[in-house]
file model.pdb (PDB, C-alpha atoms and all ligand atoms)
MODEL        1
ATOM      1  CA  MET K 173      -8.079  -7.522  20.375  1.00  0.00           C
ATOM      2  CA  ILE K 174      -4.447  -8.676  20.632  1.00  0.00           C
ATOM      3  CA  PRO K 175      -2.253  -5.646  21.545  1.00  0.00           C
ATOM      4  CA  LEU K 176       0.338  -4.603  19.006  1.00  0.00           C
ATOM      5  CA  GLU K 177       3.795  -5.662  19.983  1.00  0.00           C
ATOM      6  CA  ILE K 178       6.562  -3.933  18.080  1.00  0.00           C
ATOM      7  CA  CYS K 179      10.210  -4.948  17.852  1.00  0.00           C
ATOM      8  CA  HIS K 180      12.802  -2.249  17.387  1.00  0.00           C
ATOM      9  CA  ARG K 181      15.638  -2.003  14.962  1.00  0.00           C
ATOM     10  CA  GLN K 182      17.138   1.266  13.777  1.00  0.00           C
ATOM     11  CA  SER K 183      17.537   2.157  10.139  1.00  0.00           C
ATOM     12  CA  PRO K 184      19.843   5.119   9.485  1.00  0.00           C
ATOM     13  CA  ASN K 185      17.899   5.857   6.293  1.00  0.00           C
ATOM     14  CA  HIS K 186      15.485   8.639   7.157  1.00  0.00           C
ATOM     15  CA  GLY K 187      15.142  12.392   6.941  1.00  0.00           C
ATOM     16  CA  SER K 188      12.951  15.330   7.872  1.00  0.00           C
ATOM     17  CA  ARG K 189       9.365  15.360   6.655  1.00  0.00           C
ATOM     18  CA  GLY K 190       9.597  19.133   6.211  1.00  0.00           C
ATOM     19  CA  GLU K 191       7.348  21.790   7.711  1.00  0.00           C
ATOM     20  CA  PRO K 192       4.534  21.616   8.468  1.00  0.00           C
ATOM     21  CA  ALA K 193       4.749  17.870   8.898  1.00  0.00           C
ATOM     22  CA  ARG K 194       1.651  16.042   7.716  1.00  0.00           C
ATOM     23  CA  ILE K 195       0.966  12.311   7.585  1.00  0.00           C
ATOM     24  CA  ASP K 196      -2.133  11.296   5.670  1.00  0.00           C
ATOM     25  CA  MET K 197      -1.121   8.379   3.505  1.00  0.00           C
ATOM     26  CA  LEU K 198      -0.234   4.702   3.938  1.00  0.00           C
ATOM     27  CA  VAL K 199       1.833   2.762   1.377  1.00  0.00           C
ATOM     28  CA  LEU K 200       1.999  -1.049   1.468  1.00  0.00           C
ATOM     29  CA  HIS K 201       4.936  -2.920  -0.066  1.00  0.00           C
ATOM     30  CA  TYR K 202       6.385  -6.379  -0.244  1.00  0.00           C
ATOM     31  CA  THR K 203      10.072  -6.756   0.510  1.00  0.00           C
ATOM     32  CA  GLY K 204      10.879  -8.717  -2.683  1.00  0.00           C
ATOM     33  CA  MET K 205      13.884 -10.407  -1.098  1.00  0.00           C
ATOM     34  CA  LYS K 206      14.712 -14.041  -0.373  1.00  0.00           C
ATOM     35  CA  SER K 207      14.296 -13.761   3.403  1.00  0.00           C
ATOM     36  CA  ALA K 208      13.114 -11.442   6.141  1.00  0.00           C
ATOM     37  CA  SER K 209      16.633 -11.087   7.524  1.00  0.00           C
ATOM     38  CA  ALA K 210      18.037 -10.114   4.116  1.00  0.00           C
ATOM     39  CA  ALA K 211      15.308  -7.485   3.815  1.00  0.00           C
ATOM     40  CA  LEU K 212      15.916  -6.118   7.319  1.00  0.00           C
ATOM     41  CA  GLU K 213      19.623  -5.937   6.651  1.00  0.00           C
ATOM     42  CA  ARG K 214      19.157  -4.010   3.433  1.00  0.00           C
ATOM     43  CA  LEU K 215      16.579  -1.635   4.917  1.00  0.00           C
ATOM     44  CA  CYS K 216      19.051  -0.854   7.721  1.00  0.00           C
ATOM     45  CA  ASN K 217      22.116  -0.543   5.504  1.00  0.00           C
ATOM     46  CA  ARG K 218      23.179   3.067   5.107  1.00  0.00           C
ATOM     47  CA  SER K 219      24.535   2.622   1.608  1.00  0.00           C
ATOM     48  CA  ALA K 220      21.242   1.122   0.346  1.00  0.00           C
ATOM     49  CA  ARG K 221      19.436   4.421   1.073  1.00  0.00           C
ATOM     50  CA  VAL K 222      16.106   2.636   1.451  1.00  0.00           C
ATOM     51  CA  SER K 223      13.915   2.057   4.474  1.00  0.00           C
ATOM     52  CA  ALA K 224      10.366   1.778   5.714  1.00  0.00           C
ATOM     53  CA  HIS K 225       8.671   2.625   8.981  1.00  0.00           C
ATOM     54  CA  TYR K 226       7.587  -0.971   9.573  1.00  0.00           C
ATOM     55  CA  VAL K 227       8.387  -4.479   8.410  1.00  0.00           C
ATOM     56  CA  VAL K 228       5.926  -7.327   8.968  1.00  0.00           C
ATOM     57  CA  ASP K 229       7.422 -10.821   8.877  1.00  0.00           C
ATOM     58  CA  GLU K 230       5.547 -13.886   7.625  1.00  0.00           C
ATOM     59  CA  ASN K 231       5.098 -15.090  11.225  1.00  0.00           C
ATOM     60  CA  GLY K 232       3.391 -11.803  12.158  1.00  0.00           C
ATOM     61  CA  ARG K 233       6.327 -10.181  13.931  1.00  0.00           C
ATOM     62  CA  ILE K 234       6.361  -6.408  13.439  1.00  0.00           C
ATOM     63  CA  TRP K 235       9.566  -4.384  13.362  1.00  0.00           C
ATOM     64  CA  ARG K 236       9.801  -0.597  13.530  1.00  0.00           C
ATOM     65  CA  LEU K 237      12.845   0.733  11.683  1.00  0.00           C
ATOM     66  CA  VAL K 238      12.097   4.443  11.412  1.00  0.00           C
ATOM     67  CA  SER K 239      10.184   6.743  13.758  1.00  0.00           C
ATOM     68  CA  GLU K 240       6.798   7.694  12.337  1.00  0.00           C
ATOM     69  CA  ALA K 241       7.718  11.359  12.724  1.00  0.00           C
ATOM     70  CA  ARG K 242      10.569  10.950  10.244  1.00  0.00           C
ATOM     71  CA  ARG K 243      10.536  10.501   6.464  1.00  0.00           C
ATOM     72  CA  ALA K 244      11.430   6.933   5.489  1.00  0.00           C
ATOM     73  CA  PHE K 245      12.771   6.193   2.007  1.00  0.00           C
ATOM     74  CA  HIS K 246      10.218   3.720   0.643  1.00  0.00           C
ATOM     75  CA  ALA K 247       8.115   5.275  -2.127  1.00  0.00           C
ATOM     76  CA  GLY K 248      10.873   6.471  -4.476  1.00  0.00           C
ATOM     77  CA  ILE K 249       9.767   8.225  -7.662  1.00  0.00           C
ATOM     78  CA  SER K 250       6.022   8.022  -7.346  1.00  0.00           C
ATOM     79  CA  CYS K 251       2.776   9.913  -7.738  1.00  0.00           C
ATOM     80  CA  TRP K 252      -0.787   9.807  -6.395  1.00  0.00           C
ATOM     81  CA  GLU K 253      -3.595  12.322  -6.888  1.00  0.00           C
ATOM     82  CA  GLY K 254      -1.133  14.511  -8.796  1.00  0.00           C
ATOM     83  CA  ALA K 255       1.333  14.809  -5.906  1.00  0.00           C
ATOM     84  CA  SER K 256       4.818  13.368  -6.059  1.00  0.00           C
ATOM     85  CA  ASP K 257       6.676  13.861  -2.765  1.00  0.00           C
ATOM     86  CA  LEU K 258       4.921  10.950  -1.135  1.00  0.00           C
ATOM     87  CA  ASN K 259       7.634   9.999   1.364  1.00  0.00           C
ATOM     88  CA  ALA K 260       7.000  13.352   3.059  1.00  0.00           C
ATOM     89  CA  VAL K 261       3.369  12.554   3.862  1.00  0.00           C
ATOM     90  CA  SER K 262       3.234   8.774   4.086  1.00  0.00           C
ATOM     91  CA  LEU K 263       3.973   5.836   6.338  1.00  0.00           C
ATOM     92  CA  GLY K 264       5.511   2.813   4.632  1.00  0.00           C
ATOM     93  CA  ILE K 265       5.010  -0.831   5.604  1.00  0.00           C
ATOM     94  CA  GLU K 266       7.176  -3.545   4.055  1.00  0.00           C
ATOM     95  CA  ILE K 267       5.486  -6.952   4.124  1.00  0.00           C
ATOM     96  CA  VAL K 268       7.904  -9.854   3.896  1.00  0.00           C
ATOM     97  CA  ASN K 269       7.422 -11.858   0.685  1.00  0.00           C
ATOM     98  CA  PRO K 270      10.009 -12.989  -1.891  1.00  0.00           C
ATOM     99  CA  GLY K 271       7.994 -11.168  -4.534  1.00  0.00           C
ATOM    100  CA  HIS K 272       7.686 -11.826  -8.245  1.00  0.00           C
ATOM    101  CA  GLU K 273      11.450 -12.119  -8.637  1.00  0.00           C
ATOM    102  CA  TRP K 274      12.171 -14.808  -6.013  1.00  0.00           C
ATOM    103  CA  GLY K 275       8.990 -16.858  -5.776  1.00  0.00           C
ATOM    104  CA  TYR K 276       5.882 -14.818  -5.108  1.00  0.00           C
ATOM    105  CA  ARG K 277       3.596 -16.635  -2.668  1.00  0.00           C
ATOM    106  CA  PRO K 278       0.417 -16.048  -0.652  1.00  0.00           C
ATOM    107  CA  PHE K 279       0.683 -13.922   2.480  1.00  0.00           C
ATOM    108  CA  PRO K 280       0.127 -16.193   5.538  1.00  0.00           C
ATOM    109  CA  GLU K 281      -2.740 -15.593   7.947  1.00  0.00           C
ATOM    110  CA  GLU K 282      -0.463 -14.598  10.868  1.00  0.00           C
ATOM    111  CA  GLN K 283       1.183 -11.988   8.682  1.00  0.00           C
ATOM    112  CA  MET K 284      -2.105 -10.603   7.335  1.00  0.00           C
ATOM    113  CA  SER K 285      -3.534 -10.427  10.828  1.00  0.00           C
ATOM    114  CA  ALA K 286      -0.500  -8.403  11.978  1.00  0.00           C
ATOM    115  CA  VAL K 287      -0.691  -6.163   8.892  1.00  0.00           C
ATOM    116  CA  GLU K 288      -4.366  -5.557   9.609  1.00  0.00           C
ATOM    117  CA  ARG K 289      -3.766  -4.647  13.254  1.00  0.00           C
ATOM    118  CA  LEU K 290      -0.830  -2.386  12.430  1.00  0.00           C
ATOM    119  CA  CYS K 291      -2.752  -0.594   9.664  1.00  0.00           C
ATOM    120  CA  ARG K 292      -5.787  -0.180  11.884  1.00  0.00           C
ATOM    121  CA  ASP K 293      -3.615   1.450  14.547  1.00  0.00           C
ATOM    122  CA  LEU K 294      -1.901   3.828  12.086  1.00  0.00           C
ATOM    123  CA  VAL K 295      -5.088   4.717  10.226  1.00  0.00           C
ATOM    124  CA  SER K 296      -6.893   5.601  13.430  1.00  0.00           C
ATOM    125  CA  ARG K 297      -4.025   7.548  14.978  1.00  0.00           C
ATOM    126  CA  TYR K 298      -3.418   9.657  11.857  1.00  0.00           C
ATOM    127  CA  SER K 299      -6.980   9.686  10.473  1.00  0.00           C
ATOM    128  CA  ILE K 300      -5.695   8.394   7.151  1.00  0.00           C
ATOM    129  CA  PRO K 301      -8.562   8.446   4.651  1.00  0.00           C
ATOM    130  CA  VAL K 302      -9.284   5.158   2.867  1.00  0.00           C
ATOM    131  CA  HIS K 303      -8.588   6.655  -0.562  1.00  0.00           C
ATOM    132  CA  ARG K 304      -5.011   7.361   0.543  1.00  0.00           C
ATOM    133  CA  ILE K 305      -4.177   3.758   1.446  1.00  0.00           C
ATOM    134  CA  VAL K 306      -2.314   2.374  -1.570  1.00  0.00           C
ATOM    135  CA  GLY K 307       0.078  -0.259  -2.800  1.00  0.00           C
ATOM    136  CA  HIS K 308       3.510   0.689  -4.062  1.00  0.00           C
ATOM    137  CA  SER K 309       2.493  -0.334  -7.586  1.00  0.00           C
ATOM    138  CA  ASP K 310      -0.444   2.113  -7.454  1.00  0.00           C
ATOM    139  CA  ILE K 311       1.926   5.046  -7.026  1.00  0.00           C
ATOM    140  CA  ALA K 312       4.782   3.760  -9.226  1.00  0.00           C
ATOM    141  CA  PRO K 313       3.122   1.503 -11.833  1.00  0.00           C
ATOM    142  CA  GLU K 314       5.999   1.697 -14.293  1.00  0.00           C
ATOM    143  CA  ARG K 315       8.584   0.540 -11.750  1.00  0.00           C
ATOM    144  CA  LYS K 316       6.838  -1.570  -9.133  1.00  0.00           C
ATOM    145  CA  SER K 317       4.507  -4.526  -8.786  1.00  0.00           C
ATOM    146  CA  ASP K 318       4.230  -4.782  -4.999  1.00  0.00           C
ATOM    147  CA  PRO K 319       2.416  -5.901  -2.908  1.00  0.00           C
ATOM    148  CA  GLY K 320       0.955  -7.689  -5.929  1.00  0.00           C
ATOM    149  CA  GLU K 321      -2.135  -9.591  -6.981  1.00  0.00           C
ATOM    150  CA  LEU K 322      -1.983 -12.140  -4.132  1.00  0.00           C
ATOM    151  CA  PHE K 323      -2.294  -9.448  -1.485  1.00  0.00           C
ATOM    152  CA  ASP K 324      -5.652  -9.601   0.294  1.00  0.00           C
ATOM    153  CA  TRP K 325      -6.984  -6.069  -0.180  1.00  0.00           C
ATOM    154  CA  PRO K 326     -10.633  -7.188   0.266  1.00  0.00           C
ATOM    155  CA  ARG K 327      -9.816  -8.456   3.750  1.00  0.00           C
ATOM    156  CA  LEU K 328      -8.233  -5.142   4.747  1.00  0.00           C
ATOM    157  CA  ALA K 329     -11.144  -3.200   3.256  1.00  0.00           C
ATOM    158  CA  ARG K 330     -13.559  -5.214   5.416  1.00  0.00           C
ATOM    159  CA  ALA K 331     -11.548  -3.942   8.399  1.00  0.00           C
ATOM    160  CA  GLY K 332     -11.906  -0.355   7.171  1.00  0.00           C
ATOM    161  CA  ILE K 333      -8.446  -0.206   5.593  1.00  0.00           C
ATOM    162  CA  GLY K 334      -8.471   0.914   1.965  1.00  0.00           C
ATOM    163  CA  ILE K 335     -11.166   0.666  -0.681  1.00  0.00           C
ATOM    164  CA  TRP K 336     -12.360  -2.529  -2.348  1.00  0.00           C
ATOM    165  CA  PRO K 337     -15.921  -2.146  -3.597  1.00  0.00           C
ATOM    166  CA  PRO K 338     -17.943  -5.295  -4.290  1.00  0.00           C
ATOM    167  CA  GLU K 339     -17.933  -6.426  -7.898  1.00  0.00           C
ATOM    168  CA  HIS K 340     -21.123  -6.100  -9.933  1.00  0.00           C
ATOM    169  CA  PRO K 341     -20.671  -7.954 -13.212  1.00  0.00           C
ATOM    170  CA  ARG K 342     -23.701  -6.266 -14.830  1.00  0.00           C
ATOM    171  CA  LEU K 343     -21.713  -3.010 -14.938  1.00  0.00           C
ATOM    172  CA  SER K 344     -19.216  -4.723 -17.247  1.00  0.00           C
ATOM    173  CA  ALA K 345     -21.551  -4.795 -20.232  1.00  0.00           C
ATOM    174  CA  ARG K 346     -20.635  -1.515 -21.838  1.00  0.00           C
ATOM    175  CA  GLU K 347     -18.348  -0.053 -24.442  1.00  0.00           C
ATOM    176  CA  VAL K 348     -14.628   0.062 -23.826  1.00  0.00           C
ATOM    177  CA  ASP K 349     -13.394   3.610 -24.156  1.00  0.00           C
ATOM    178  CA  ASN K 350      -9.715   4.483 -23.708  1.00  0.00           C
ATOM    179  CA  ALA K 351     -10.288   8.128 -22.876  1.00  0.00           C
ATOM    180  CA  ARG K 352     -12.831   7.181 -20.245  1.00  0.00           C
ATOM    181  CA  ALA K 353     -10.446   4.603 -18.760  1.00  0.00           C
ATOM    182  CA  LEU K 354      -7.742   7.243 -18.413  1.00  0.00           C
ATOM    183  CA  ALA K 355     -10.232   9.627 -16.798  1.00  0.00           C
ATOM    184  CA  ASP K 356     -11.330   6.865 -14.393  1.00  0.00           C
ATOM    185  CA  LEU K 357      -7.709   6.067 -13.481  1.00  0.00           C
ATOM    186  CA  ALA K 358      -7.028   9.768 -12.800  1.00  0.00           C
ATOM    187  CA  ALA K 359     -10.206  10.130 -10.735  1.00  0.00           C
ATOM    188  CA  ILE K 360      -9.114   7.180  -8.584  1.00  0.00           C
ATOM    189  CA  GLY K 361      -5.695   8.771  -8.016  1.00  0.00           C
ATOM    190  CA  TYR K 362      -3.387   7.134 -10.585  1.00  0.00           C
ATOM    191  CA  CYS K 363      -1.038   9.519 -12.397  1.00  0.00           C
ATOM    192  CA  ALA K 364      -1.486   7.854 -15.787  1.00  0.00           C
ATOM    193  CA  THR K 365      -0.938   9.313 -19.223  1.00  0.00           C
ATOM    194  CA  GLU K 366      -1.723   7.804 -22.594  1.00  0.00           C
ATOM    195  CA  ARG K 367       1.863   6.542 -22.735  1.00  0.00           C
ATOM    196  CA  SER K 368       1.730   4.940 -19.294  1.00  0.00           C
ATOM    197  CA  GLN K 369      -1.814   3.619 -19.529  1.00  0.00           C
ATOM    198  CA  THR K 370      -0.835  -0.061 -19.802  1.00  0.00           C
ATOM    199  CA  PRO K 371       1.329  -0.219 -16.646  1.00  0.00           C
ATOM    200  CA  ALA K 372      -1.309   1.831 -14.820  1.00  0.00           C
ATOM    201  CA  LEU K 373      -3.970  -0.698 -15.884  1.00  0.00           C
ATOM    202  CA  VAL K 374      -1.760  -3.573 -14.710  1.00  0.00           C
ATOM    203  CA  ALA K 375      -1.412  -1.844 -11.319  1.00  0.00           C
ATOM    204  CA  PHE K 376      -5.163  -1.260 -11.197  1.00  0.00           C
ATOM    205  CA  GLN K 377      -5.834  -4.909 -12.020  1.00  0.00           C
ATOM    206  CA  ARG K 378      -3.349  -6.205  -9.438  1.00  0.00           C
ATOM    207  CA  ARG K 379      -5.278  -4.276  -6.855  1.00  0.00           C
ATOM    208  CA  PHE K 380      -8.917  -4.423  -7.981  1.00  0.00           C
ATOM    209  CA  ARG K 381      -9.265  -7.262 -10.537  1.00  0.00           C
ATOM    210  CA  PRO K 382      -6.438  -9.621  -9.544  1.00  0.00           C
ATOM    211  CA  ARG K 383      -7.655 -12.625 -11.579  1.00  0.00           C
ATOM    212  CA  ARG K 384      -5.903 -11.309 -14.674  1.00  0.00           C
ATOM    213  CA  CYS K 385      -3.280  -8.555 -14.698  1.00  0.00           C
ATOM    214  CA  ASP K 386      -2.431  -8.168 -18.361  1.00  0.00           C
ATOM    215  CA  GLY K 387      -2.940  -4.415 -18.763  1.00  0.00           C
ATOM    216  CA  ARG K 388      -5.671  -4.933 -21.352  1.00  0.00           C
ATOM    217  CA  LEU K 389      -8.709  -2.730 -21.195  1.00  0.00           C
ATOM    218  CA  ASP K 390     -11.254  -5.535 -21.435  1.00  0.00           C
ATOM    219  CA  LEU K 391     -14.952  -5.062 -20.639  1.00  0.00           C
ATOM    220  CA  GLU K 392     -14.552  -6.362 -17.111  1.00  0.00           C
ATOM    221  CA  THR K 393     -11.672  -3.976 -16.389  1.00  0.00           C
ATOM    222  CA  ALA K 394     -13.643  -1.058 -17.822  1.00  0.00           C
ATOM    223  CA  GLY K 395     -16.614  -1.919 -15.610  1.00  0.00           C
ATOM    224  CA  ARG K 396     -14.399  -2.343 -12.571  1.00  0.00           C
ATOM    225  CA  LEU K 397     -12.777   1.040 -13.231  1.00  0.00           C
ATOM    226  CA  SER K 398     -16.097   2.808 -12.981  1.00  0.00           C
ATOM    227  CA  GLU K 399     -17.090   0.912  -9.800  1.00  0.00           C
ATOM    228  CA  VAL K 400     -13.791   1.713  -8.124  1.00  0.00           C
ATOM    229  CA  ARG K 401     -13.885   5.335  -9.291  1.00  0.00           C
ATOM    230  CA  ALA K 402     -17.338   5.774  -7.743  1.00  0.00           C
ATOM    231  CA  ALA K 403     -16.103   4.315  -4.436  1.00  0.00           C
ATOM    232  CA  PHE K 404     -13.064   6.635  -4.362  1.00  0.00           C
ATOM    233  CA  GLU K 405     -15.229   9.640  -5.167  1.00  0.00           C
ATOM    234  CA  ARG K 406     -17.627   8.724  -2.362  1.00  0.00           C
ATOM    235  CA  SER K 407     -14.699   8.508   0.041  1.00  0.00           C
ATOM    236  CA  ARG K 408     -13.291  11.890  -0.992  1.00  0.00           C
ATOM    237  CA  ALA K 409     -16.706  13.518  -0.648  1.00  0.00           C
ATOM    238  CA  GLY K 410     -17.243  12.035   2.827  1.00  0.00           C
ATOM    239  CA  PRO K 411     -16.413  13.675   6.153  1.00  0.00           C
ATOM    240  CA  ARG K 412     -12.788  13.673   7.260  1.00  0.00           C
ATOM    241  CA  ARG K 413     -12.289  12.229  10.731  1.00  0.00           C
ATOM    242  CA  THR K 414      -9.747  13.813  13.020  1.00  0.00           C
ATOM    243  CA  SER K 415      -8.158  12.324  16.081  1.00  0.00           C
ATOM    244  CA  PRO K 416      -5.142  13.176  18.233  1.00  0.00           C
ATOM    245  CA  VAL K 417      -1.845  11.616  17.231  1.00  0.00           C
ATOM    246  CA  GLU K 418      -0.871   9.382  20.121  1.00  0.00           C
ATOM    247  CA  PRO K 419       1.336   6.336  19.752  1.00  0.00           C
ATOM    248  CA  THR K 420      -0.383   3.332  21.296  1.00  0.00           C
ATOM    249  CA  ALA K 421       1.933   0.477  20.394  1.00  0.00           C
ATOM    250  CA  ARG K 422       4.152  -1.156  22.973  1.00  0.00           C
ATOM    251  CA  CYS K 423       7.779  -1.443  21.936  1.00  0.00           C
ATOM    252  CA  ARG K 424      10.331  -4.049  22.809  1.00  0.00           C
ATOM    253  CA  ARG K 425      13.672  -5.256  21.574  1.00  0.00           C
ATOM    254  CA  CYS K 426      13.731  -8.497  19.616  1.00  0.00           C
ATOM    255  CA  GLU K 427      16.497 -10.603  18.249  1.00  0.00           C
TER     256      GLU K 427
HETATM  257 ZN    ZN K 501       7.762  -1.326  -2.643  1.00  0.00          ZN
ENDMDL
END
call {"tool": "encode", "arguments": {"input": "model.pdb", "output": "structure tokens"}}
result
Amino acid sequence: MIPLEICHRQSPNHGSRGEPARIDMLVLHYTGMKSASAALERLCNRSARVSAHYVVDENGRIWRLVSEARRAFHAGISCWEGASDLNAVSLGIEIVNPGHEWGYRPFPEEQMSAVERLCRDLVSRYSIPVHRIVGHSDIAPERKSDPGELFDWPRLARAGIGIWPPEHPRLSAREVDNARALADLAAIGYCATERSQTPALVAFQRRFRPRRCDGRLDLETAGRLSEVRAAFERSRAGPRRTSPVEPTARCRRCE
């Protein structure tokens, strides 16, 4: 396996995780800016008050902006499994892509390979369970759409990063039931209410049924909800691995 090589750049935008510090969640973003350098500049600009632990450029270069021990400002107002202070317990990775505003495009292979290696390293060092590896839109569906429907979650899941159960179309042939959809969303981890059901369904579709992200509870979405719910419940019921927290990545300065 190619060793992780990390470039360093300091963002002033970080704080204490609080006591006792706990890291058990990984949040993936896209930068949503025209270029990698514009994104790095903003994430390191004190007045922007935003940051992330890592940035992964389209050519696969990885930058660390904030020490993992510190709270980075990436999740904003967000919620997962009923909890809302997610910056305190998570690591945030910004993946360079112009996003839906500036020309959303596929994530290149070099970038995905770097994202995969970085995630693998973080997940193993912090024993992050697969049901706590999320996209920004999963935890803030009313505000965010990143990393979006072009992001290759199935690939990461094959590497043990996150959940992406295989699709079984036969499960789709059943009644559509709003109350059950809300219960499925909640059981997966989404903090959805009746009022916010549509954006939550869009977020769910971006992640688990990316062919069409219209927020409609069609038969296929209903079937997919129950498949994904079952996979998340299996993960939560499974044994929790523990391993010592030891940084393994080499660091260097890059221009
Ligand atoms: Zn984001």
call {"tool": "residues_around", "arguments": {"input": "model.pdb", "residues": "Arg401 in chain K", "least_positions_apart": "2", "cutoff": "12 Å", "atoms": "all atoms listed in the file", "output": "JSON, numbers by chain"}}
result
{"K": [303, 335, 336, 337, 352, 353, 354, 355, 356, 357, 358, 359, 360, 361, 362, 376, 380, 393, 394, 395, 396, 397, 398, 399, 403, 404, 405, 406, 407, 408]}
call {"tool": "resolve_selection", "arguments": {"input": "model.pdb", "expression": "the PyMOL selection byres (((chain K and resi 392) around 12) and not hetatm)", "output": "PyMOL selection string"}}
result
chain K and resi 339-348+353+377+380-385+387-391+393-399
call {"tool": "residues_near_ligand", "arguments": {"input": "model.pdb", "ligand": "ligand ZN 501 (chain K)", "cutoff": "8 Å", "atoms": "all atoms listed in the file", "output": "PDB file with C-alpha atoms, in the frame of the given file"}}
result
ATOM      1  CA  LEU K 200       1.999  -1.049   1.468  1.00  0.00           C
ATOM      2  CA  HIS K 201       4.936  -2.920  -0.066  1.00  0.00           C
ATOM      3  CA  TYR K 202       6.385  -6.379  -0.244  1.00  0.00           C
ATOM      4  CA  THR K 203      10.072  -6.756   0.510  1.00  0.00           C
ATOM      5  CA  HIS K 246      10.218   3.720   0.643  1.00  0.00           C
ATOM      6  CA  ALA K 247       8.115   5.275  -2.127  1.00  0.00           C
ATOM      7  CA  GLU K 266       7.176  -3.545   4.055  1.00  0.00           C
ATOM      8  CA  GLY K 307       0.078  -0.259  -2.800  1.00  0.00           C
ATOM      9  CA  HIS K 308       3.510   0.689  -4.062  1.00  0.00           C
ATOM     10  CA  SER K 309       2.493  -0.334  -7.586  1.00  0.00           C
ATOM     11  CA  LYS K 316       6.838  -1.570  -9.133  1.00  0.00           C
ATOM     12  CA  SER K 317       4.507  -4.526  -8.786  1.00  0.00           C
ATOM     13  CA  ASP K 318       4.230  -4.782  -4.999  1.00  0.00           C
ATOM     14  CA  PRO K 319       2.416  -5.901  -2.908  1.00  0.00           C
TER      15      PRO K 319
END
call {"tool": "closest_atom_pairs", "arguments": {"input": "model.pdb", "of": "range 191-214 of chain K", "to": "range 267-280 of chain K", "cutoff": "12 Å", "atoms": "all atoms listed in the file", "output": "JSON lines"}}
result
{"residue": "K:Val199", "atom": "CA", "partner": "K:Ile267", "partner_atom": "CA", "distance": 10.7}
{"residue": "K:Leu200", "atom": "CA", "partner": "K:Ile267", "partner_atom": "CA", "distance": 7.4}
{"residue": "K:His201", "atom": "CA", "partner": "K:Ile267", "partner_atom": "CA", "distance": 5.8}
{"residue": "K:Tyr202", "atom": "CA", "partner": "K:Ile267", "partner_atom": "CA", "distance": 4.5}
{"residue": "K:Thr203", "atom": "CA", "partner": "K:Val268", "partner_atom": "CA", "distance": 5.1}
{"residue": "K:Gly204", "atom": "CA", "partner": "K:Gly271", "partner_atom": "CA", "distance": 4.2}
{"residue": "K:Met205", "atom": "CA", "partner": "K:Pro270", "partner_atom": "CA", "distance": 4.7}
{"residue": "K:Lys206", "atom": "CA", "partner": "K:Pro270", "partner_atom": "CA", "distance": 5.1}
{"residue": "K:Ser207", "atom": "CA", "partner": "K:Pro270", "partner_atom": "CA", "distance": 6.9}
{"residue": "K:Ala208", "atom": "CA", "partner": "K:Val268", "partner_atom": "CA", "distance": 5.9}
{"residue": "K:Ser209", "atom": "CA", "partner": "K:Val268", "partner_atom": "CA", "distance": 9.5}
{"residue": "K:Ala210", "atom": "CA", "partner": "K:Val268", "partner_atom": "CA", "distance": 10.1}
{"residue": "K:Ala211", "atom": "CA", "partner": "K:Val268", "partner_atom": "CA", "distance": 7.8}
{"residue": "K:Leu212", "atom": "CA", "partner": "K:Val268", "partner_atom": "CA", "distance": 9.5}
call {"tool": "closest_residue", "arguments": {"input": "model.pdb", "among": "K:Ala241, K:Ile265, K:Ser368, K:Gly187", "to": "Arg221 in chain K", "atoms": "all atoms listed in the file"}}
result
K:Gly187
call {"tool": "atom_distance", "arguments": {"input": "model.pdb", "atom1": "CA of Val374 in chain K", "atom2": "CA of Ala255 in chain K"}}
result
20.6 Å
call {"tool": "closest_residue", "arguments": {"input": "model.pdb", "among": "K:Gly264, K:Leu258, K:Trp252, K:Glu282", "to": "Ala224 in chain K", "atoms": "only C-alpha atoms"}}
result
K:Gly264
call {"tool": "closest_residue", "arguments": {"input": "model.pdb", "among": "K:Asp257, K:Ile333, K:Ser188, K:Asp310", "to": "Asp293 in chain K", "atoms": "all atoms listed in the file"}}
result
K:Ile333
call {"tool": "residues_around", "arguments": {"input": "model.pdb", "residues": "Gly190 in chain K", "least_positions_apart": "4", "cutoff": "10 Å", "atoms": "only C-alpha atoms", "output": "PyMOL selection string"}}
result
chain K and resi 194+242-243+260-261
call {"tool": "resolve_selection", "arguments": {"input": "model.pdb", "expression": "the PyMOL selection byres (((chain K and resi 237) around 8) and not hetatm)", "output": "list in words"}}
result
His180, Arg181, Gln182, Ser183, Cys216, Ser223, Ala224, His225, Tyr226, Val227, Trp235, Arg236, Val238 and Ser239 of chain K
call {"tool": "closest_residue", "arguments": {"input": "model.pdb", "among": "K:Glu288, K:Asp229, K:Glu281, K:Glu240", "to": "Leu176 in chain K", "atoms": "only C-alpha atoms"}}
result
K:Glu288
call {"tool": "resolve_selection", "arguments": {"input": "model.pdb", "expression": "the PyMOL selection byres (((chain K and resi 300) around 6) and not hetatm)", "output": "list in words"}}
result
Asp196, Met197, Val295, Tyr298, Ser299 and Pro301 of chain K
call {"tool": "closest_residue", "arguments": {"input": "model.pdb", "among": "K:Arg378, K:Arg233, K:Arg218, K:Arg292", "to": "Phe323 in chain K", "atoms": "all atoms listed in the file"}}
result
K:Arg378
call {"tool": "atom_distance", "arguments": {"input": "model.pdb", "atom1": "CA of Ala286 in chain K", "atom2": "CA of Gly232 in chain K"}}
result
5.2 Å
call {"tool": "atom_distance", "arguments": {"input": "model.pdb", "atom1": "CA of Ala244 in chain K", "atom2": "CA of Arg327 in chain K"}}
result
26.3 Å
call {"tool": "closest_residue", "arguments": {"input": "model.pdb", "among": "K:Asp349, K:Gly334, K:Cys363, K:Arg379", "to": "Gly320 in chain K", "atoms": "only C-alpha atoms"}}
result
K:Arg379
